[in-house]
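Here's target.csv, which has CSV, C-alpha atoms:
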chain,number,residue,atom,x,y,z
V,8,MET,CA,-1.1,-17.0,31.0
V,9,ILE,CA,0.4,-18.4,34.3
V,10,GLU,CA,0.8,-21.9,32.7
V,11,ASN,CA,2.5,-20.3,29.7
V,12,TYR,CA,4.9,-18.4,31.9
V,13,LEU,CA,5.7,-21.5,34.0
V,14,LYS,CA,6.4,-23.6,30.9
V,15,TYR,CA,8.3,-21.1,28.7
V,16,GLY,CA,9.3,-18.2,30.9
V,17,LEU,CA,9.5,-14.7,29.4
V,18,LEU,CA,10.2,-15.0,25.7
V,19,LEU,CA,10.0,-11.4,24.8
V,20,LYS,CA,13.1,-10.0,23.0
V,21,ILE,CA,14.0,-6.8,21.2
V,22,PRO,CA,11.8,-6.5,18.1
V,23,GLY,CA,13.7,-7.2,14.9
V,24,HIS,CA,16.5,-9.0,16.7
V,25,ASN,CA,16.2,-12.0,14.3
V,26,ILE,CA,15.9,-10.0,11.1
V,27,PRO,CA,19.2,-10.4,9.0
V,28,TYR,CA,20.9,-7.2,8.0
V,29,GLY,CA,20.8,-8.3,4.4
V,30,ASP,CA,17.0,-8.2,4.5
V,31,TYR,CA,17.1,-4.5,5.1
V,32,VAL,CA,19.4,-4.0,2.2
V,33,GLN,CA,17.2,-6.1,-0.1
V,34,PHE,CA,14.2,-4.2,1.1
V,35,GLY,CA,15.8,-0.9,0.0
V,36,ILE,CA,16.7,-2.4,-3.4
V,37,ALA,CA,13.1,-3.6,-3.8
V,38,TRP,CA,11.8,-0.2,-2.6
V,39,ILE,CA,13.6,1.6,-5.5
V,40,SER,CA,10.7,0.4,-7.7
V,41,VAL,CA,8.3,2.7,-5.8
V,42,PRO,CA,9.7,6.1,-6.8
V,43,ILE,CA,10.4,4.9,-10.3
V,44,THR,CA,6.8,3.8,-10.9
V,45,ILE,CA,5.5,7.0,-9.3
V,46,LEU,CA,7.6,9.2,-11.6
V,47,VAL,CA,6.7,7.1,-14.7
V,48,GLY,CA,3.0,7.2,-13.9
V,49,PHE,CA,3.1,11.0,-13.3
V,50,GLY,CA,5.1,11.5,-16.5
V,51,VAL,CA,2.5,9.7,-18.6
V,52,GLU,CA,-0.3,11.7,-17.1
V,53,TRP,CA,1.6,15.0,-17.5
V,54,VAL,CA,2.2,14.3,-21.2
V,55,MET,CA,-1.4,13.4,-21.7
V,56,ALA,CA,-2.5,16.6,-20.0
V,57,GLN,CA,-0.4,18.7,-22.3
V,58,LEU,CA,-1.8,16.8,-25.3
V,59,ALA,CA,-5.3,17.3,-24.0
V,60,LYS,CA,-4.7,21.1,-23.6
V,61,LYS,CA,-3.3,21.3,-27.1
V,62,SER,CA,-6.2,19.3,-28.5
V,63,LYS,CA,-8.7,21.6,-26.9
V,64,SER,CA,-7.0,24.8,-27.7
V,65,ASP,CA,-6.5,23.9,-31.4
V,66,LYS,CA,-10.3,23.0,-31.6
V,67,LEU,CA,-9.6,20.0,-33.8
V,68,GLY,CA,-12.3,17.9,-32.4
V,69,GLY,CA,-10.0,15.6,-30.4
V,70,LYS,CA,-7.2,15.6,-33.0
V,71,LEU,CA,-3.8,17.1,-32.6
V,72,GLY,CA,-1.9,19.1,-35.2
V,73,ASN,CA,-0.4,15.9,-36.7
V,74,LYS,CA,-4.0,14.6,-37.2
V,75,LEU,CA,-3.5,11.6,-34.9
V,76,PRO,CA,-6.6,11.1,-32.8
V,77,LEU,CA,-6.2,11.7,-29.1
V,78,GLY,CA,-7.5,8.2,-28.6
V,79,VAL,CA,-4.3,6.8,-30.1
V,80,PHE,CA,-2.2,8.5,-27.4
V,81,GLU,CA,-4.7,7.3,-24.8
V,82,ALA,CA,-4.0,3.7,-25.9
V,83,ILE,CA,-0.3,4.3,-25.8
V,84,ALA,CA,-0.6,5.8,-22.3
V,85,SER,CA,-2.6,2.8,-21.2
V,86,ILE,CA,0.1,0.4,-22.4
V,87,VAL,CA,2.8,2.4,-20.7
V,88,HIS,CA,0.8,2.3,-17.4
V,89,ALA,CA,0.3,-1.4,-17.8
V,90,VAL,CA,4.0,-2.0,-18.3
V,91,ASN,CA,4.8,0.3,-15.4
V,92,LEU,CA,2.4,-1.5,-13.0
V,93,THR,CA,3.6,-4.9,-14.2
V,94,PHE,CA,7.2,-3.9,-13.3
V,95,LEU,CA,6.0,-2.8,-9.8
V,96,MET,CA,4.4,-6.2,-9.4
V,97,ILE,CA,7.2,-8.4,-10.7
V,98,TYR,CA,10.4,-6.7,-9.5
V,99,PRO,CA,9.6,-6.5,-5.8
V,100,SER,CA,8.1,-9.9,-5.8
V,101,TYR,CA,11.2,-11.4,-7.3
V,102,ILE,CA,13.4,-9.7,-4.6
V,103,ILE,CA,11.1,-10.9,-1.9
V,104,TYR,CA,10.9,-14.4,-3.1
V,105,ARG,CA,14.6,-14.8,-3.9
V,106,LYS,CA,16.5,-12.5,-1.6
V,107,ILE,CA,14.5,-11.7,1.6
V,108,TYR,CA,14.5,-14.2,4.4
V,109,HIS,CA,12.3,-12.7,7.1
V,110,PRO,CA,8.5,-12.9,6.3
V,111,LEU,CA,7.8,-9.5,8.0
V,112,VAL,CA,10.2,-7.6,5.8
V,113,GLY,CA,9.0,-9.3,2.7
V,114,SER,CA,5.3,-8.8,3.6
V,115,SER,CA,5.9,-5.2,4.3
V,116,MET,CA,7.4,-4.6,0.9
V,117,LEU,CA,4.7,-6.5,-0.8
V,118,PHE,CA,2.1,-4.6,1.1
V,119,ILE,CA,3.6,-1.3,0.0
V,120,ALA,CA,3.8,-2.4,-3.7
V,121,LEU,CA,0.2,-3.6,-3.8
V,122,ILE,CA,-1.1,-0.4,-2.3
V,123,LEU,CA,0.8,1.7,-4.8
V,124,ILE,CA,-0.4,-0.5,-7.7
V,125,MET,CA,-4.1,0.1,-6.7
V,126,LYS,CA,-3.4,3.8,-6.2
V,127,LEU,CA,-1.8,4.2,-9.6
V,128,ILE,CA,-4.6,2.3,-11.3
V,129,SER,CA,-7.1,4.7,-9.8
V,130,TYR,CA,-4.9,7.7,-10.6
V,131,SER,CA,-4.7,6.8,-14.3
V,132,LEU,CA,-8.4,5.9,-14.7
V,133,VAL,CA,-9.7,9.0,-13.0
V,134,ASN,CA,-7.4,11.3,-14.9
V,135,ARG,CA,-8.5,9.6,-18.1
V,136,ASP,CA,-12.1,10.3,-17.3
V,137,LEU,CA,-11.3,13.9,-16.3
V,138,ARG,CA,-9.3,14.3,-19.5
V,139,THR,CA,-12.3,13.1,-21.6
V,140,LEU,CA,-14.6,15.6,-19.9
V,141,PHE,CA,-12.0,18.3,-20.3
V,142,THR,CA,-11.6,17.8,-24.1
V,143,GLN,CA,-15.4,17.8,-24.4
V,144,GLY,CA,-15.7,21.1,-22.7
V,145,LYS,CA,-17.5,19.8,-19.6
V,146,LEU,CA,-16.3,21.4,-16.4
V,147,VAL,CA,-16.1,19.3,-13.2
V,148,THR,CA,-16.8,21.7,-10.4
V,149,GLU,CA,-17.0,19.5,-7.3
V,150,TYR,CA,-13.3,19.6,-6.7
V,151,ASP,CA,-11.1,22.5,-5.4
V,152,VAL,CA,-8.8,22.0,-8.4
V,153,VAL,CA,-9.8,21.2,-12.0
V,154,TYR,CA,-8.1,19.1,-14.6
V,155,PRO,CA,-5.4,19.5,-15.9
V,156,ASP,CA,-4.2,21.7,-13.0
V,157,ASN,CA,-4.3,18.6,-10.7
V,158,VAL,CA,-1.6,16.8,-12.7
V,159,THR,CA,1.3,17.9,-10.5
V,160,ILE,CA,3.9,15.9,-8.7
V,161,GLY,CA,2.8,17.4,-5.4
V,162,ASN,CA,-0.8,16.3,-6.0
V,163,LEU,CA,0.3,12.7,-6.7
V,164,ILE,CA,2.6,12.6,-3.7
V,165,TYR,CA,-0.3,13.8,-1.5
V,166,PHE,CA,-2.5,11.0,-3.0
V,167,TRP,CA,0.3,8.5,-2.4
V,168,TRP,CA,0.4,9.3,1.3
V,169,ALA,CA,-3.4,9.8,1.7
V,170,PRO,CA,-5.2,6.9,3.4
V,171,THR,CA,-7.3,6.1,0.4
V,172,LEU,CA,-7.1,4.0,-2.7
V,173,CYS,CA,-9.5,6.1,-4.7
V,174,TYR,CA,-8.0,9.2,-6.5
V,175,GLN,CA,-9.6,12.6,-6.5
V,176,PRO,CA,-8.1,15.9,-7.6
V,177,SER,CA,-8.8,17.2,-4.0
V,178,TYR,CA,-10.2,15.8,-0.8
V,179,PRO,CA,-12.4,17.3,2.0
V,180,ARG,CA,-10.2,18.4,4.9
V,181,THR,CA,-10.8,19.4,8.5
V,182,GLU,CA,-10.4,23.1,9.4
V,183,LYS,CA,-7.4,22.4,11.7
V,184,PHE,CA,-5.2,19.7,13.1
V,185,ARG,CA,-6.7,18.0,16.1
V,186,PRO,CA,-3.8,17.0,18.5
V,187,ILE,CA,-6.0,15.1,21.0
V,188,PHE,CA,-7.6,13.0,18.3
V,189,PHE,CA,-4.2,12.3,16.8
V,190,LEU,CA,-2.6,11.3,20.1
V,191,LYS,CA,-5.5,9.0,20.9
V,192,ARG,CA,-5.0,7.2,17.6
V,193,VAL,CA,-1.2,7.0,18.1
V,194,SER,CA,-1.8,5.6,21.6
V,195,GLU,CA,-4.2,3.0,20.3
V,196,LEU,CA,-1.8,2.0,17.6
V,197,SER,CA,1.1,1.7,20.1
V,198,CYS,CA,-0.9,-0.4,22.5
V,199,ALA,CA,-2.2,-2.7,19.7
V,200,LEU,CA,1.3,-3.2,18.3
V,201,ILE,CA,2.8,-4.0,21.7
V,202,PHE,CA,0.0,-6.5,22.5
V,203,MET,CA,0.4,-8.1,19.0
V,204,TYR,CA,4.1,-8.5,19.6
V,205,PHE,CA,3.5,-10.0,23.0
V,206,LEU,CA,1.0,-12.6,21.7
V,207,THR,CA,3.2,-13.5,18.8
V,208,GLU,CA,6.4,-14.0,20.8
V,209,GLN,CA,4.9,-15.5,24.0
V,210,TYR,CA,2.1,-17.6,22.6
V,211,ALA,CA,2.2,-18.2,18.8
V,212,MET,CA,6.0,-18.8,18.4
V,213,PRO,CA,6.3,-21.6,21.0
V,214,THR,CA,3.3,-23.4,19.6
V,215,LEU,CA,4.6,-23.1,16.1
V,216,GLU,CA,8.1,-24.3,17.1
V,217,ASN,CA,6.6,-27.3,18.9
V,218,SER,CA,4.6,-28.2,15.8
V,219,ILE,CA,7.6,-28.7,13.6
V,220,LYS,CA,8.3,-32.3,14.8
V,221,ALA,CA,4.6,-33.3,14.4
V,222,ILE,CA,4.6,-31.9,10.9
V,223,HIS,CA,7.7,-33.9,9.9
V,224,ASN,CA,6.2,-37.0,11.5
V,225,LEU,CA,2.8,-36.4,10.0
V,226,ASP,CA,1.2,-36.7,13.4
V,227,PHE,CA,-2.2,-35.4,12.5
V,228,ILE,CA,-3.6,-35.6,16.0
V,229,ILE,CA,-0.9,-33.3,17.3
V,230,ILE,CA,-1.2,-31.0,14.3
V,231,VAL,CA,-4.9,-30.6,14.8
V,232,GLU,CA,-4.3,-29.9,18.5
V,233,ARG,CA,-1.7,-27.2,17.7
V,234,VAL,CA,-4.0,-25.6,15.1
V,235,LEU,CA,-6.8,-25.4,17.7
V,236,LYS,CA,-4.4,-24.0,20.2
V,237,LEU,CA,-3.3,-21.3,17.8
V,238,SER,CA,-6.9,-20.4,16.7
V,239,THR,CA,-7.6,-18.2,19.7
V,240,THR,CA,-4.3,-16.3,19.4
V,241,GLY,CA,-4.7,-16.0,15.6
V,242,VAL,CA,-8.2,-14.5,15.9
V,243,ILE,CA,-7.1,-12.0,18.5
V,244,LEU,CA,-4.1,-11.0,16.3
V,245,TRP,CA,-6.3,-10.5,13.2
V,246,LEU,CA,-8.7,-8.3,15.2
V,247,LEU,CA,-5.8,-6.3,16.6
V,248,MET,CA,-4.2,-5.9,13.2
V,249,PHE,CA,-7.5,-4.7,11.6
V,250,TYR,CA,-8.1,-2.2,14.5
V,251,ALA,CA,-4.5,-1.0,14.5
V,252,PHE,CA,-4.2,-0.5,10.8
V,253,PHE,CA,-7.6,0.5,9.5
V,254,HIS,CA,-8.7,2.5,12.5
V,255,SER,CA,-5.8,3.8,14.5
V,256,PHE,CA,-3.0,4.1,11.8
V,257,LEU,CA,-5.1,5.4,8.9
V,258,ASN,CA,-7.0,7.9,11.1
V,259,ALA,CA,-3.7,9.2,12.6
V,260,LEU,CA,-2.3,9.5,9.1
V,261,SER,CA,-5.3,11.3,7.7
V,262,GLU,CA,-5.2,13.7,10.6
As structure tokens, the full file:
Amino acid sequence: MIENYLKYGLLLKIPGHNIPYGDYVQFGIAWISVPITILVGFGVEWVMAQLAKKSKSDKLGGKLGNKLPLGVFEAIASIVHAVNLTFLMIYPSYIIYRKIYHPLVGSSMLFIALILIMKLISYSLVNRDLRTLFTQGKLVTEYDVVYPDNVTIGNLIYFWWAPTLCYQPSYPRTEKFRPIFFLKRVSELSCALIFMYFLTEQYAMPTLENSIKAIHNLDFIIIVERVLKLSTTGVILWLLMFYAFFHSFLNALSE
């Protein structure tokens, strides 16, 4: 640490100082795909819920009044879901690849899109299974809300924010909000982020910048030395990232 300080001085700057303003604009443009896909996914499941209720009330053995099997509408719903998720995958990826300069901004948007893709896949598959049981007259009682009453925009928004990728109509909850537990997780998250920023700016960035010349000259000895020098910092950053996100952030969010 002393050697690093004597060689480079204090390199810490205001976080985000090198992010172009245009990246924030492009991030917002890419993020538009998030509410669009949520609304489309909800709309498909809402329509299918209405069809399932009509199918059951008419007692036509899985057929609607127009004699089309419910399975046909299930296939159409699956296609719409697939197109919707493909849009969520391609549109932000194009914006990130073509328009966004800073890797942190692009990675954040890609992370949001990938999480939502996995959540919507789970949402559609679980509702399909619940719909099948509903039309067969089998009641699922282990949840606080039963199908199709769970198909509401509020239920989907709650699942979108919930720290899980697996959809359920309802989730077990604590009796009350625990402020001490929440503040502990927030404190851990803050300390981890500060330490990650310090390691990145003070140790990783100088090493990477000093490696550019060696990469251009194909000086493999220097390249290997830089990789080894980065390895310790990289491992610590990965461990901090996992602890900060999977333990501190998700537990604080769930609380």
Inset, instruction - Write out as a list in words each polymer residue whose atoms come within 12 Å of Met203 in chain V, counting only C-alpha atoms; drop sequence neighbours fewer than 5 positions from it. - result: Leu19, Pro22, Leu196, Ser197, Cys198, Glu208, Gln209, Tyr210, Ala211, Thr240, Gly241, Val242, Ile243, Leu244, Trp245, Leu246, Leu247, Met248, Phe249, Tyr250 and Ala251 of chain V
Legend entry - Contacts of Tyr178 in chain V at 12 Å (all atoms listed in the file; same-chain gap of 5+ positions) as a PyMOL selection string: chain V and resi 149-152+157+162+165-166+169-171+173+261
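The nearest approach to Gly35 in chain V among the residues V:Ile102, V:Leu137, V:Met55, V:Val47, with all atoms listed in the file taken into account, belongs to V:Ile102.
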Inset, instruction - Tell me, as a PyMOL selection string, which residues lie within 10 Å of Leu163 in chain V, counting only C-alpha atoms; anything in the same chain fewer than 6 positions away does not count. - result: chain V and resi 45-46+48-49+126-127+130+157+169+174-176
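Minimum distance to Lys106 in chain V across V:Ser255, V:Ser194, V:Gln33, V:Thr239 (counting only C-alpha atoms) occurs at V:Gln33.
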Inset, instruction - Extract, using all atoms listed in the file, all DNA, RNA and protein residues at most 9 Å from Pro155 in chain V, discarding same-chain residues fewer than 5 positions from it, and format them as a VMD selection string. - result: chain V and resid 53 56 to 57 59 to 60 134 137 to 138 141
Inset, instruction - Kindly indicate which residue among V:Leu190, V:Leu77, V:Val112, V:Ile124 lies nearest to Phe94 in chain V, using all atoms listed in the file for the distances. - result: V:Ile124
Inset, instruction - Rounded to one decimal place, report the CA of Ser85 in chain V-CA of Ser115 in chain V distance in Å. - result: 28.0 Å
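Reported to one decimal place, the separation of CA of Val51 in chain V from CA of Ile122 in chain V is 19.5 Å.
The spacing separating CA of Ile219 in chain V from CA of Tyr28 in chain V amounts to 25.9 Å.
With all atoms listed in the file as the atoms that count, the residue of V:Val133, V:Ala120, V:Ile26, V:Ala199 with the shortest distance to Ile97 in chain V is V:Ala120.
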Legend entry - Among listed residues V:Leu237, V:Leu200, V:Leu132, V:Met96, nearest Pro213 in chain V (using only C-alpha atoms): V:Leu237
